[in-house]
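Trainee: Before I ask anything, here is the structure I am working with.
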Amino acid sequence: MSVIDRLGKKLSSSSAVMRLISNDRVMQVATGLMDARGRLEAAAERASEAWSILLNGHALPTIDPALDGGDDVVGAAGKSPAPAAKPAEAKENGAATNGAAAHATTNGAATNGAAAHVATNGETTSTEAPKPAGPGSAAEEKLAQQMASRTSLSRIGGRDVFEKCYKFMTADNARAMGVYPFFRPLDFNNGPEAQLEGRKVIMLGSNNYLGLTTHPKVREAAKNAIDKYGTSMTGSRLVNGSMRLHNELEQKLAAYHGKEAGLVFTTGYQVNIATISALLSNKKSVAVIDKDDHASIYDGVRLGQAAGARMVRYRHNDPEALDQALSELDTSEGALVITDGVFSAQGEIANLPGIASVVKKHKARLLVDDAHALGVIGPGGRGTAAHFGVADQVDLIGGTFSKSLASIGGWLVGERKVLDYIQHFAYSFLFAASAAPPSVAAAMAALEVMQEEPERQEKLRENFTYMRNELRRLGFELGKTETAVIPIYIRDDLRTVMMWKTLLDEHSIYVNPFITPGVPPKQQVLRTSYMATHERHHLDRALEAFEKVGKKFGVIS
């Protein structure tokens, strides 16, 4: 490493430089601080090119339009979407699928998944402390133009399908700066504290809401399952991958939710892909979804679109917009309304009573993804429908083992005949390897512990209520969160990443930065989440760090 490189790296991570970080007003100054080895010695043209790639070119592929607030959302600015293109029209227009799916290629913002959040704007220097850009500022307009012109790597084509891989520079540039926040390998993660690169950190970025991943009963169940059944079924549920263990958990999940039947999947993501694609099986099927729904819901809808179904999005958590969307469907079309129970980026609970009432009015069907609600809200941790007392009005409820159930896998409950159809017609269920015995056993044990130790849910509620109140008292903007997910709105890419870095490097606090294109411009957050196993000293130490870093970067006064 050259002297210049070492000096640049030292400067980029120093506390003094961090205090001088500003936002878009001084972006042009950063051309000498960005890009790979030898950037300070390179010609101005080379530095300018690297900076352009980092800011507006060749970012991660756009995944879905979940958070973009586009014009195709029913209820957005009081407008309805333009009529969806027929499959033949989509082909003529060069779109991959009919309807709003084409929107994902052009300006779709990736939802919720961390992999979609990588688009670091990098480090800048200034002679004054960071200040928010004023409304309507030139910097805001510039940022909007950059985001509007962002090119998806997936559209780069040619003779070599690897060409787009070589042109993807965002992650490399961020790694070179030491500000790449994703795919950081933990040494271990045992609950409220974790170890990262040899040092202990307070974990505020985990979905281990009830802290059951290390519960003795859950660990013992997984160990016993390995001893009895081995590590894998080595086949799909269709052929040799179904065991009494799977059926037992399915029955317990159904009884727990007061539904007729249950179905166990290999992952939570697979639940939505399989269920939605199986039900949206023809041109008379319409997915009507909240615009902020999880990426797995969008992917399930896209599979349905391949069979001719179409997608309509409605304004976030708005029953009136849903009513409008359903009112505009053709009388021959059947609608599947899909919503998250708890929205994983915002921590907001869906207005399920209002949504269920509208669904019933239009004789549609309702699927709720309760991944972030199970174990967190509702009596006995039964989730969103139980929280509002409308479980009998929700047709299907699904979720994952990877959060409160302390394992890996997924679940769906509902009518027996509907689940029987799904398991016979969903290719992504039929031809996927079965959930491994230790994973199923661990989830079943976690489900039992949830019911045996209700004090865990009470402790979780106490913890996230305390943090929500204290963070608001300090002056942070938290949105409409009501659950264990608490987003801290920063509303600037660069500042979000630098706050994440400072919290981790200087205070050993682990949080998750969500930046564009994972969220729309001005919606950037530090996403924090809390566990029943956090003690007050963990939370108070985190609050102390949030206050110091928030003031350092001008987010709070």
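Residues are referred to by chain and number: the chain letter is A, B, ... according to the order shown in the structure tokens, the number counts from 1 in that chain, and ligands are numbered separately from 1 in the order shown.
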Give me, as JSON lines, the closest atom pair and its distance (Å, one decimal) for every residue of stretch 321-385 of chain A within a cut-off of 8 Å of stretch 428-451 of chain A, counting only C-alpha atoms, rows sorted by chain and rising number.

Mentor:
{"residue": "A:Gly375", "atom": "CA", "partner": "A:Met450", "partner_atom": "CA", "distance": 7.0}
{"residue": "A:Gly380", "atom": "CA", "partner": "A:Gln451", "partner_atom": "CA", "distance": 6.3}
{"residue": "A:Gly381", "atom": "CA", "partner": "A:Met450", "partner_atom": "CA", "distance": 7.4}

Trainee: Using only C-alpha atoms, what table do you get, as JSON lines, when you list each residue of stretch 202-253 of chain A with an atom no more than 10 Å from stretch 460-478 of chain A, its nearest pair of atoms, and their distance in Å rounded to one decimal, rows by chain then rising number?

Mentor:
{"residue": "A:Tyr209", "atom": "CA", "partner": "A:Leu460", "partner_atom": "CA", "distance": 7.1}
{"residue": "A:Leu210", "atom": "CA", "partner": "A:Leu460", "partner_atom": "CA", "distance": 6.9}
{"residue": "A:Gly211", "atom": "CA", "partner": "A:Leu460", "partner_atom": "CA", "distance": 9.3}

Trainee: For the alpha helix (DSSP H) assignment from backbone DSSP, which residues of stretch 369-463 of chain A qualify? Please present them as a compact mmCIF listing (two decimals) with N, CA, C and O atoms, in the first residue's frame.

Mentor:
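What landed in out.txt:
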# COMPACT_ATOMS: atom_id res chain seq x y z
N THR A 384 -50.62 -10.12 14.13
CA THR A 384 -51.43 -8.95 13.82
C THR A 384 -52.93 -9.22 13.88
O THR A 384 -53.69 -8.43 14.44
N ALA A 385 -53.38 -10.31 13.28
CA ALA A 385 -54.81 -10.62 13.27
C ALA A 385 -55.34 -10.80 14.69
O ALA A 385 -56.41 -10.29 15.05
N ALA A 386 -54.58 -11.51 15.52
CA ALA A 386 -54.98 -11.70 16.92
C ALA A 386 -54.91 -10.38 17.69
O ALA A 386 -55.73 -10.13 18.57
N HIS A 387 -53.94 -9.55 17.36
CA HIS A 387 -53.78 -8.24 18.00
C HIS A 387 -55.05 -7.41 17.87
O HIS A 387 -55.47 -6.72 18.81
N PHE A 388 -55.68 -7.49 16.69
CA PHE A 388 -56.90 -6.71 16.43
C PHE A 388 -58.17 -7.53 16.63
O PHE A 388 -59.28 -7.00 16.48
N ARG A 416 -57.82 -25.97 5.05
CA ARG A 416 -57.13 -27.17 4.62
C ARG A 416 -57.11 -27.29 3.10
O ARG A 416 -56.08 -27.61 2.50
N LYS A 417 -58.26 -27.06 2.45
CA LYS A 417 -58.32 -27.23 1.00
C LYS A 417 -57.42 -26.23 0.27
O LYS A 417 -56.83 -26.56 -0.76
N VAL A 418 -57.31 -25.02 0.80
CA VAL A 418 -56.45 -24.02 0.16
C VAL A 418 -54.99 -24.43 0.28
O VAL A 418 -54.22 -24.37 -0.69
N LEU A 419 -54.58 -24.86 1.47
CA LEU A 419 -53.20 -25.28 1.66
C LEU A 419 -52.88 -26.55 0.87
O LEU A 419 -51.77 -26.72 0.37
N ASP A 420 -53.87 -27.42 0.75
CA ASP A 420 -53.67 -28.64 -0.04
C ASP A 420 -53.43 -28.29 -1.51
O ASP A 420 -52.57 -28.88 -2.17
N TYR A 421 -54.18 -27.31 -2.01
CA TYR A 421 -53.96 -26.85 -3.39
C TYR A 421 -52.57 -26.27 -3.54
O TYR A 421 -51.85 -26.59 -4.51
N ILE A 422 -52.16 -25.42 -2.60
CA ILE A 422 -50.85 -24.77 -2.70
C ILE A 422 -49.73 -25.81 -2.73
O ILE A 422 -48.79 -25.71 -3.54
N GLN A 423 -49.80 -26.81 -1.86
CA GLN A 423 -48.69 -27.77 -1.81
C GLN A 423 -48.65 -28.68 -3.05
O GLN A 423 -47.65 -29.32 -3.31
N HIS A 424 -49.74 -28.70 -3.83
CA HIS A 424 -49.74 -29.49 -5.06
C HIS A 424 -49.49 -28.65 -6.31
O HIS A 424 -49.21 -29.22 -7.38
N PHE A 425 -49.58 -27.32 -6.21
CA PHE A 425 -49.47 -26.49 -7.41
C PHE A 425 -48.37 -25.43 -7.34
O PHE A 425 -48.14 -24.73 -8.33
N TYR A 427 -44.73 -24.67 -7.56
CA TYR A 427 -43.48 -25.32 -7.98
C TYR A 427 -42.35 -25.06 -6.98
O TYR A 427 -41.53 -25.93 -6.73
N SER A 428 -42.30 -23.84 -6.45
CA SER A 428 -41.21 -23.51 -5.54
C SER A 428 -41.35 -24.23 -4.20
O SER A 428 -40.41 -24.22 -3.39
N PHE A 429 -42.48 -24.85 -3.95
CA PHE A 429 -42.64 -25.75 -2.81
C PHE A 429 -42.42 -27.19 -3.23
O PHE A 429 -41.69 -27.95 -2.57
N LEU A 430 -43.00 -27.57 -4.35
CA LEU A 430 -42.93 -28.96 -4.82
C LEU A 430 -41.50 -29.42 -5.07
O LEU A 430 -41.16 -30.58 -4.78
N PRO A 437 -34.54 -31.41 9.59
CA PRO A 437 -35.10 -31.80 10.89
C PRO A 437 -34.67 -30.92 12.06
O PRO A 437 -35.52 -30.52 12.87
N PRO A 438 -33.37 -30.58 12.21
CA PRO A 438 -33.02 -29.73 13.36
C PRO A 438 -33.68 -28.35 13.31
O PRO A 438 -34.00 -27.78 14.35
N SER A 439 -33.87 -27.82 12.10
CA SER A 439 -34.54 -26.52 11.97
C SER A 439 -36.01 -26.61 12.37
O SER A 439 -36.54 -25.73 13.07
N VAL A 440 -36.67 -27.68 11.94
CA VAL A 440 -38.08 -27.87 12.28
C VAL A 440 -38.23 -28.10 13.78
O VAL A 440 -39.11 -27.52 14.43
N ALA A 441 -37.37 -28.91 14.35
CA ALA A 441 -37.43 -29.20 15.79
C ALA A 441 -37.17 -27.95 16.61
O ALA A 441 -37.83 -27.71 17.64
N ALA A 442 -36.21 -27.12 16.18
CA ALA A 442 -35.91 -25.89 16.90
C ALA A 442 -37.10 -24.94 16.86
O ALA A 442 -37.46 -24.31 17.88
N ALA A 443 -37.75 -24.81 15.70
CA ALA A 443 -38.91 -23.94 15.57
C ALA A 443 -40.06 -24.43 16.44
O ALA A 443 -40.76 -23.62 17.08
N MET A 444 -40.26 -25.72 16.48
CA MET A 444 -41.34 -26.28 17.29
C MET A 444 -41.08 -26.03 18.77
O MET A 444 -41.99 -25.67 19.53
N ALA A 445 -39.84 -26.18 19.21
CA ALA A 445 -39.49 -25.90 20.60
C ALA A 445 -39.68 -24.43 20.92
O ALA A 445 -40.17 -24.06 22.00
N ALA A 446 -39.29 -23.54 19.97
CA ALA A 446 -39.46 -22.10 20.19
C ALA A 446 -40.94 -21.73 20.31
O ALA A 446 -41.31 -20.89 21.14
N LEU A 447 -41.78 -22.36 19.49
CA LEU A 447 -43.22 -22.12 19.58
C LEU A 447 -43.75 -22.50 20.96
O LEU A 447 -44.60 -21.80 21.54
N GLU A 448 -43.25 -23.60 21.49
CA GLU A 448 -43.67 -24.04 22.82
C GLU A 448 -43.17 -23.08 23.90
O GLU A 448 -43.92 -22.73 24.82
N VAL A 449 -41.93 -22.62 23.78
CA VAL A 449 -41.38 -21.68 24.77
C VAL A 449 -42.16 -20.36 24.74
O VAL A 449 -42.42 -19.75 25.80
N MET A 450 -42.55 -19.90 23.56
CA MET A 450 -43.34 -18.68 23.45
C MET A 450 -44.59 -18.76 24.31
O MET A 450 -44.99 -17.78 24.95
N GLN A 451 -45.21 -19.93 24.33
CA GLN A 451 -46.45 -20.10 25.08
C GLN A 451 -46.19 -20.38 26.57
O GLN A 451 -47.00 -20.02 27.43
N GLU A 452 -45.07 -21.01 26.86
CA GLU A 452 -44.73 -21.34 28.25
C GLU A 452 -44.14 -20.16 29.01
O GLU A 452 -44.23 -20.10 30.24
N GLU A 455 -43.72 -14.07 29.69
CA GLU A 455 -43.00 -12.92 30.20
C GLU A 455 -41.97 -12.41 29.20
O GLU A 455 -41.54 -11.24 29.28
N ARG A 456 -41.55 -13.25 28.25
CA ARG A 456 -40.60 -12.79 27.22
C ARG A 456 -41.23 -11.73 26.34
O ARG A 456 -40.58 -10.73 25.99
N GLN A 457 -42.47 -11.94 25.95
CA GLN A 457 -43.14 -10.93 25.13
C GLN A 457 -43.33 -9.64 25.92
O GLN A 457 -43.20 -8.54 25.37
N GLU A 458 -43.64 -9.77 27.20
CA GLU A 458 -43.81 -8.58 28.03
C GLU A 458 -42.49 -7.80 28.17
O GLU A 458 -42.47 -6.57 28.11
N LYS A 459 -41.39 -8.54 28.33
CA LYS A 459 -40.08 -7.88 28.43
C LYS A 459 -39.72 -7.21 27.11
O LYS A 459 -39.17 -6.10 27.09
N LEU A 460 -40.02 -7.87 26.02
CA LEU A 460 -39.76 -7.28 24.70
C LEU A 460 -40.53 -5.98 24.56
O LEU A 460 -39.98 -4.95 24.13
N ARG A 461 -41.82 -5.99 24.91
CA ARG A 461 -42.64 -4.78 24.79
C ARG A 461 -42.10 -3.67 25.69
O ARG A 461 -42.05 -2.50 25.30
N GLU A 462 -41.68 -4.05 26.88
CA GLU A 462 -41.10 -3.07 27.79
C GLU A 462 -39.85 -2.44 27.20
O GLU A 462 -39.65 -1.21 27.27
N ASN A 463 -39.00 -3.27 26.57
CA ASN A 463 -37.75 -2.77 26.00
C ASN A 463 -37.98 -1.83 24.83
O ASN A 463 -37.41 -0.73 24.76

Trainee: For stretch 275-289 of chain A, please output as JSON, numbers by chain all residues within 7 Å (counting only C-alpha atoms; exclusion window: fewer than 6 positions along the same chain).

Mentor: {"A": [300, 301, 303, 304, 307, 308, 309, 310, 311, 312, 313, 314, 332, 333, 334, 335, 336, 337, 338, 339, 422, 425, 426]}

Trainee: Please write the residues from the selection above to a file, keeping N, CA, C and O atoms, as a compact mmCIF listing (two decimals), in the first residue's frame.

Mentor:
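Listing of part_38.txt after writing:
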# COMPACT_ATOMS: atom_id res chain seq x y z
N GLY A 300 -43.20 -13.15 -5.48
CA GLY A 300 -44.31 -14.08 -5.67
C GLY A 300 -45.29 -13.57 -6.70
O GLY A 300 -45.79 -14.33 -7.54
N VAL A 301 -45.57 -12.26 -6.66
CA VAL A 301 -46.48 -11.66 -7.63
C VAL A 301 -45.90 -11.77 -9.04
O VAL A 301 -46.61 -12.06 -10.00
N LEU A 303 -43.99 -14.04 -10.28
CA LEU A 303 -44.20 -15.39 -10.78
C LEU A 303 -45.64 -15.57 -11.26
O LEU A 303 -45.90 -16.23 -12.27
N GLY A 304 -46.58 -14.98 -10.53
CA GLY A 304 -47.97 -15.02 -10.97
C GLY A 304 -48.18 -14.26 -12.26
O GLY A 304 -48.97 -14.68 -13.12
N ALA A 307 -47.84 -16.09 -15.40
CA ALA A 307 -49.00 -16.89 -15.81
C ALA A 307 -50.14 -16.01 -16.31
O ALA A 307 -51.22 -16.53 -16.63
N GLY A 308 -49.93 -14.71 -16.35
CA GLY A 308 -50.94 -13.79 -16.88
C GLY A 308 -51.62 -12.94 -15.85
O GLY A 308 -52.41 -12.06 -16.19
N ALA A 309 -51.36 -13.19 -14.58
CA ALA A 309 -51.98 -12.36 -13.54
C ALA A 309 -51.40 -10.95 -13.61
O ALA A 309 -50.37 -10.71 -14.24
N ARG A 310 -52.04 -10.02 -12.93
CA ARG A 310 -51.51 -8.66 -12.90
C ARG A 310 -51.43 -8.15 -11.46
O ARG A 310 -51.98 -8.76 -10.54
N MET A 311 -50.74 -7.03 -11.29
CA MET A 311 -50.52 -6.45 -9.97
C MET A 311 -51.05 -5.03 -9.91
O MET A 311 -50.86 -4.23 -10.82
N VAL A 312 -51.71 -4.71 -8.81
CA VAL A 312 -52.15 -3.36 -8.51
C VAL A 312 -51.63 -3.02 -7.11
O VAL A 312 -51.80 -3.80 -6.18
N ARG A 313 -50.98 -1.87 -6.98
CA ARG A 313 -50.48 -1.44 -5.68
C ARG A 313 -51.37 -0.33 -5.13
O ARG A 313 -51.84 0.53 -5.88
N TYR A 314 -51.58 -0.35 -3.82
CA TYR A 314 -52.34 0.72 -3.20
C TYR A 314 -51.48 1.48 -2.21
O TYR A 314 -50.48 0.96 -1.71
N SER A 332 -65.05 -9.84 -13.48
CA SER A 332 -64.62 -11.22 -13.73
C SER A 332 -63.29 -11.54 -13.07
O SER A 332 -62.83 -12.69 -13.11
N GLU A 333 -62.63 -10.54 -12.46
CA GLU A 333 -61.32 -10.75 -11.87
C GLU A 333 -61.42 -11.09 -10.38
O GLU A 333 -62.26 -10.56 -9.65
N GLY A 334 -60.55 -12.00 -9.95
CA GLY A 334 -60.47 -12.37 -8.54
C GLY A 334 -59.24 -11.75 -7.91
O GLY A 334 -58.14 -11.81 -8.48
N ALA A 335 -59.42 -11.14 -6.73
CA ALA A 335 -58.32 -10.40 -6.11
C ALA A 335 -57.79 -11.12 -4.87
O ALA A 335 -58.56 -11.60 -4.03
N LEU A 336 -56.47 -11.17 -4.77
CA LEU A 336 -55.78 -11.59 -3.56
C LEU A 336 -55.10 -10.35 -2.99
O LEU A 336 -54.17 -9.81 -3.59
N VAL A 337 -55.58 -9.87 -1.85
CA VAL A 337 -55.00 -8.71 -1.19
C VAL A 337 -53.90 -9.22 -0.26
O VAL A 337 -54.10 -10.15 0.52
N ILE A 338 -52.73 -8.57 -0.35
CA ILE A 338 -51.57 -9.03 0.42
C ILE A 338 -50.96 -7.84 1.16
O ILE A 338 -50.69 -6.80 0.56
N THR A 339 -50.72 -8.03 2.45
CA THR A 339 -50.08 -6.98 3.24
C THR A 339 -49.16 -7.59 4.28
O THR A 339 -49.38 -8.71 4.74
N ILE A 422 -52.16 -25.42 -2.60
CA ILE A 422 -50.85 -24.77 -2.70
C ILE A 422 -49.73 -25.81 -2.73
O ILE A 422 -48.79 -25.71 -3.54
N PHE A 425 -49.58 -27.32 -6.21
CA PHE A 425 -49.47 -26.49 -7.41
C PHE A 425 -48.37 -25.43 -7.34
O PHE A 425 -48.14 -24.73 -8.33
N ALA A 426 -47.70 -25.30 -6.21
CA ALA A 426 -46.63 -24.30 -6.09
C ALA A 426 -45.29 -24.96 -6.40
O ALA A 426 -44.77 -25.74 -5.60

Trainee: For stretch 156-243 of chain A against stretch 499-521 of chain A, with a cut-off of 9 Å and counting only C-alpha atoms, what is the closest atom pair and its distance in Å to one decimal for every residue that makes the cut, ordered by chain and number, as a tab-separated table?

Mentor:
residue	atom	partner	partner_atom	distance
A:Gly178	CA	A:Lys501	CA	8.8
A:Val179	CA	A:Lys501	CA	6.7
A:Tyr180	CA	A:Lys501	CA	8.9
A:Pro181	CA	A:Pro513	CA	7.3
A:Phe182	CA	A:Asn512	CA	8.5
A:Ala194	CA	A:Tyr510	CA	8.8
A:Arg199	CA	A:Ser508	CA	8.2
A:Lys200	CA	A:Ser508	CA	7.0
A:Val201	CA	A:Ser508	CA	4.6
A:Ile202	CA	A:Ile509	CA	5.0
A:Met203	CA	A:Tyr510	CA	5.1
A:Leu204	CA	A:Val511	CA	5.2
A:Gly205	CA	A:Val511	CA	4.7
A:Ser206	CA	A:Val511	CA	8.5

Trainee: Rounded to one decimal place, report the atom CA of A:Thr400-atom CA of A:Ala542 distance in Å.

Mentor: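 Taking atom CA of A:Thr400 and atom CA of A:Ala542, their separation equals 28.1 Å.
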
Trainee: Determine the nearest neighbour of A:Val358 from the options A:Asn272, A:Gln324, A:Thr496, A:Thr213, counting only C-alpha atoms.

Mentor: A:Gln324

Trainee: Could you tell me how far atom CA of A:Val376 lies from atom CA of A:Asn208, in Å and to one decimal?

Mentor: 10.5 Å

Trainee: Go ahead and compute the interatomic distance for atom CA of A:Glu193 and atom CA of A:Tyr530, in Å to one decimal.

Mentor: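 Result for atom CA of A:Glu193 versus atom CA of A:Tyr530: 11.5 Å, one decimal.
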